[in-house]
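Colleague: Supplied in structure tokens, the structure appears directly below.
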Amino acid sequence: MVITKATADSESGRPVSTDEIATMGEFIQEMMDAGVLLAAEGIHPSAKGARIYFDGGKKTVVDGPFAETKELVGGFFLVETKSLEECVEWFKRCPIQLPSGGEATNIEIRQVIGADDLGESLTPELREAVEKRDAQGVW
């Protein structure tokens, strides 16, 4: 999973330009053509979201917006590559635009946990349930 970070621009709700859409669309199409892209989405600013904090049995809901943009997710790509290095090579070419304020940004690459990563905690019964959800496209 490749996580794009929110910026002051994305949090302000600034509309994405036609050029930005076209440039990112070309990159997305290239990944689709190569068969590595599984999903890609941007997300709305945190002002349209909420957080749920869990503290023991207590649950607290806090509506957005959230103050620190550097810690917020702005979107994601879900890709399937043979290695971290291959993923890095793809995303070194990602046409993420420098926000209008000139602030630097980054993307984060993280491997999605699979059933095999869960080790002995995944009993045969739980593995069967996971495989059933996977077959339904849910997990």
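Each chain in the structure tokens gets a letter, A, B and so on, in the order shown; residues start at 1 in every chain, and ligands are counted from 1 in the order they appear.
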Determine, counting only C-alpha atoms, which protein, DNA and RNA residues have an atom within 10 Å of an atom of Glu68 (chain A); residues of the same chain fewer than 3 positions away are not included. Present the result as a ChimeraX atom specification.
Modeller: /A:6-8,65,71-72
Colleague: What would the file look like if the residues just selected were written as a PDB file, in the first residue's frame with N, CA and C atoms?
Modeller:
```pdb
ATOM      1  N   ALA A   6      -1.634  14.085   3.271  1.00  0.00           N
ATOM      2  CA  ALA A   6      -2.404  15.309   3.094  1.00  0.00           C
ATOM      3  C   ALA A   6      -1.457  16.503   3.168  1.00  0.00           C
ATOM      4  N   THR A   7      -1.865  17.583   2.533  1.00  0.00           N
ATOM      5  CA  THR A   7      -1.113  18.844   2.591  1.00  0.00           C
ATOM      6  C   THR A   7      -2.091  19.946   2.975  1.00  0.00           C
ATOM      7  N   ALA A   8      -1.577  21.119   3.227  1.00  0.00           N
ATOM      8  CA  ALA A   8      -2.462  22.256   3.514  1.00  0.00           C
ATOM      9  C   ALA A   8      -3.415  22.473   2.338  1.00  0.00           C
ATOM     10  N   PRO A  65     -12.168  19.203  11.296  1.00  0.00           N
ATOM     11  CA  PRO A  65     -10.839  18.924  10.740  1.00  0.00           C
ATOM     12  C   PRO A  65      -9.828  18.658  11.843  1.00  0.00           C
ATOM     13  N   GLU A  71       0.440  14.439   9.408  1.00  0.00           N
ATOM     14  CA  GLU A  71       0.089  13.113   9.911  1.00  0.00           C
ATOM     15  C   GLU A  71      -1.177  12.554   9.263  1.00  0.00           C
ATOM     16  N   LEU A  72      -1.764  13.279   8.334  1.00  0.00           N
ATOM     17  CA  LEU A  72      -3.019  12.852   7.727  1.00  0.00           C
ATOM     18  C   LEU A  72      -2.790  12.156   6.401  1.00  0.00           C
TER      19      LEU A  72
END
```
Colleague: So which bits of chain A end up helix (DSSP H, G or I) when you DSSP the backbone, as a VMD selection string?
Modeller: chain A and resid 8 to 12 18 to 34 46 to 48 69 to 71 84 to 91 115 to 121 124 to 135
Colleague: If you keep C-alpha atoms, can you produce a file of those selected residues as a PDB file, in the first residue's frame?
Modeller:
```pdb
ATOM      1  CA  ALA A   8      -2.462  22.256   3.514  1.00  0.00           C
ATOM      2  CA  ASP A   9      -3.776  22.434  -0.085  1.00  0.00           C
ATOM      3  CA  SER A  10      -5.600  19.105   0.073  1.00  0.00           C
ATOM      4  CA  GLU A  11      -6.971  19.911   3.523  1.00  0.00           C
ATOM      5  CA  SER A  12      -8.252  23.276   2.268  1.00  0.00           C
ATOM      6  CA  THR A  18      -7.064  19.511 -15.002  1.00  0.00           C
ATOM      7  CA  ASP A  19      -3.316  19.140 -15.578  1.00  0.00           C
ATOM      8  CA  GLU A  20      -2.852  17.355 -12.231  1.00  0.00           C
ATOM      9  CA  ILE A  21      -5.704  14.958 -13.041  1.00  0.00           C
ATOM     10  CA  ALA A  22      -4.290  14.235 -16.495  1.00  0.00           C
ATOM     11  CA  THR A  23      -0.720  13.732 -15.268  1.00  0.00           C
ATOM     12  CA  MET A  24      -1.740  11.408 -12.433  1.00  0.00           C
ATOM     13  CA  GLY A  25      -4.129   9.614 -14.801  1.00  0.00           C
ATOM     14  CA  GLU A  26      -1.228   8.812 -17.134  1.00  0.00           C
ATOM     15  CA  PHE A  27       0.782   7.365 -14.242  1.00  0.00           C
ATOM     16  CA  ILE A  28      -2.221   5.325 -13.067  1.00  0.00           C
ATOM     17  CA  GLN A  29      -2.827   4.031 -16.591  1.00  0.00           C
ATOM     18  CA  GLU A  30       0.820   2.998 -16.876  1.00  0.00           C
ATOM     19  CA  MET A  31       0.526   0.976 -13.653  1.00  0.00           C
ATOM     20  CA  MET A  32      -2.750  -0.557 -14.863  1.00  0.00           C
ATOM     21  CA  ASP A  33      -1.151  -1.529 -18.171  1.00  0.00           C
ATOM     22  CA  ALA A  34       1.745  -3.149 -16.268  1.00  0.00           C
ATOM     23  CA  SER A  46     -10.368  15.733   7.303  1.00  0.00           C
ATOM     24  CA  ALA A  47     -13.044  18.407   7.813  1.00  0.00           C
ATOM     25  CA  LYS A  48     -15.449  15.876   6.287  1.00  0.00           C
ATOM     26  CA  THR A  69      -1.711  17.818   8.161  1.00  0.00           C
ATOM     27  CA  LYS A  70       1.650  16.023   8.025  1.00  0.00           C
ATOM     28  CA  GLU A  71       0.089  13.113   9.911  1.00  0.00           C
ATOM     29  CA  LEU A  84       9.689  -3.330  -2.058  1.00  0.00           C
ATOM     30  CA  GLU A  85      12.419  -2.219  -4.456  1.00  0.00           C
ATOM     31  CA  GLU A  86      10.087  -2.580  -7.461  1.00  0.00           C
ATOM     32  CA  CYS A  87       7.412  -0.567  -5.659  1.00  0.00           C
ATOM     33  CA  VAL A  88       9.942   2.148  -4.788  1.00  0.00           C
ATOM     34  CA  GLU A  89      11.005   2.345  -8.447  1.00  0.00           C
ATOM     35  CA  TRP A  90       7.395   2.804  -9.567  1.00  0.00           C
ATOM     36  CA  PHE A  91       6.663   5.527  -7.026  1.00  0.00           C
ATOM     37  CA  ALA A 115      -2.700 -14.613   6.205  1.00  0.00           C
ATOM     38  CA  ASP A 116       0.777 -16.172   6.050  1.00  0.00           C
ATOM     39  CA  ASP A 117       2.173 -13.235   8.047  1.00  0.00           C
ATOM     40  CA  LEU A 118      -0.004 -14.107  11.063  1.00  0.00           C
ATOM     41  CA  GLY A 119       1.948 -17.253  11.955  1.00  0.00           C
ATOM     42  CA  GLU A 120       0.637 -19.754  14.491  1.00  0.00           C
ATOM     43  CA  SER A 121      -2.019 -17.311  15.748  1.00  0.00           C
ATOM     44  CA  PRO A 124      -6.874 -23.712  10.736  1.00  0.00           C
ATOM     45  CA  GLU A 125     -10.399 -22.567  11.642  1.00  0.00           C
ATOM     46  CA  LEU A 126      -9.442 -18.891  11.463  1.00  0.00           C
ATOM     47  CA  ARG A 127      -7.530 -19.482   8.188  1.00  0.00           C
ATOM     48  CA  GLU A 128     -10.677 -21.030   6.707  1.00  0.00           C
ATOM     49  CA  ALA A 129     -12.694 -17.964   7.763  1.00  0.00           C
ATOM     50  CA  VAL A 130     -10.071 -15.639   6.219  1.00  0.00           C
ATOM     51  CA  GLU A 131     -10.063 -17.638   2.980  1.00  0.00           C
ATOM     52  CA  LYS A 132     -13.873 -17.475   2.872  1.00  0.00           C
ATOM     53  CA  ARG A 133     -13.784 -13.673   3.284  1.00  0.00           C
ATOM     54  CA  ASP A 134     -11.027 -13.412   0.663  1.00  0.00           C
ATOM     55  CA  ALA A 135     -13.158 -15.423  -1.781  1.00  0.00           C
TER      56      ALA A 135
END
```
Colleague: Rank nothing, just name the residue among A:Ile43, A:Ile107, A:Val16, A:Ile113 nearest to Arg93 (chain A), using only C-alpha atoms.
Modeller: A:Ile107
Colleague: With distances taken over only C-alpha atoms, which residue among A:Ile3, A:Ser83, A:Gly75, A:Gly49 lies nearest Asp63 (chain A)?
Modeller: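 Smallest distance to Asp63 (chain A) is found for A:Gly49.
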Colleague: At a cut-off of 9 Å, using only C-alpha atoms, what residues contact Val62 (chain A)? Leave out same-chain residues fewer than 4 positions from it and give the result as a PyMOL selection string.
Modeller: chain A and resi 49-53
Colleague: Quick one: write out the picked residues with C-alpha atoms as a PDB file, in the first residue's frame?
Modeller:
```
ATOM      1  CA  GLY A  49     -14.256  13.057   8.554  1.00  0.00           C
ATOM      2  CA  ALA A  50     -14.136  11.901  12.151  1.00  0.00           C
ATOM      3  CA  ARG A  51     -11.810  10.011  14.453  1.00  0.00           C
ATOM      4  CA  ILE A  52     -12.814   7.446  17.028  1.00  0.00           C
ATOM      5  CA  TYR A  53     -10.447   7.189  19.997  1.00  0.00           C
TER       6      TYR A  53
END
```
Colleague: Distance CA of Glu80 (chain A)-CA of Leu122 (chain A), one decimal place?
Modeller: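 Pair CA of Glu80 (chain A) / CA of Leu122 (chain A) returns 23.1 Å.
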Colleague: Mind listing the strand (DSSP E or B) residues of chain A, per DSSP on the backbone, as a VMD selection string?
Modeller: chain A and resid 2 to 5 37 to 42 50 to 55 58 to 63 73 to 79 107 to 109
Colleague: In Å, how far is it from CA of Val79 (chain A) to CA of Ala39 (chain A)?
Modeller: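 Straight-line distance from CA of Val79 (chain A) to CA of Ala39 (chain A) works out to 7.0 Å.
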Colleague: So what do you get for CA of Val112 (chain A) versus CA of Phe66 (chain A), distance-wise?
Modeller: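 Taking CA of Val112 (chain A) as the start and CA of Phe66 (chain A) as the end point, the length is 25.8 Å.
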Colleague: Considering only C-alpha atoms, state which residue in the set A:Thr123, A:Gln136, A:Thr105, A:Gln111 is at the smallest distance from Thr4 (chain A).
Modeller: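 Comparing A:Thr123, A:Gln136, A:Thr105, A:Gln111 against Thr4 (chain A), the winner is A:Thr105.
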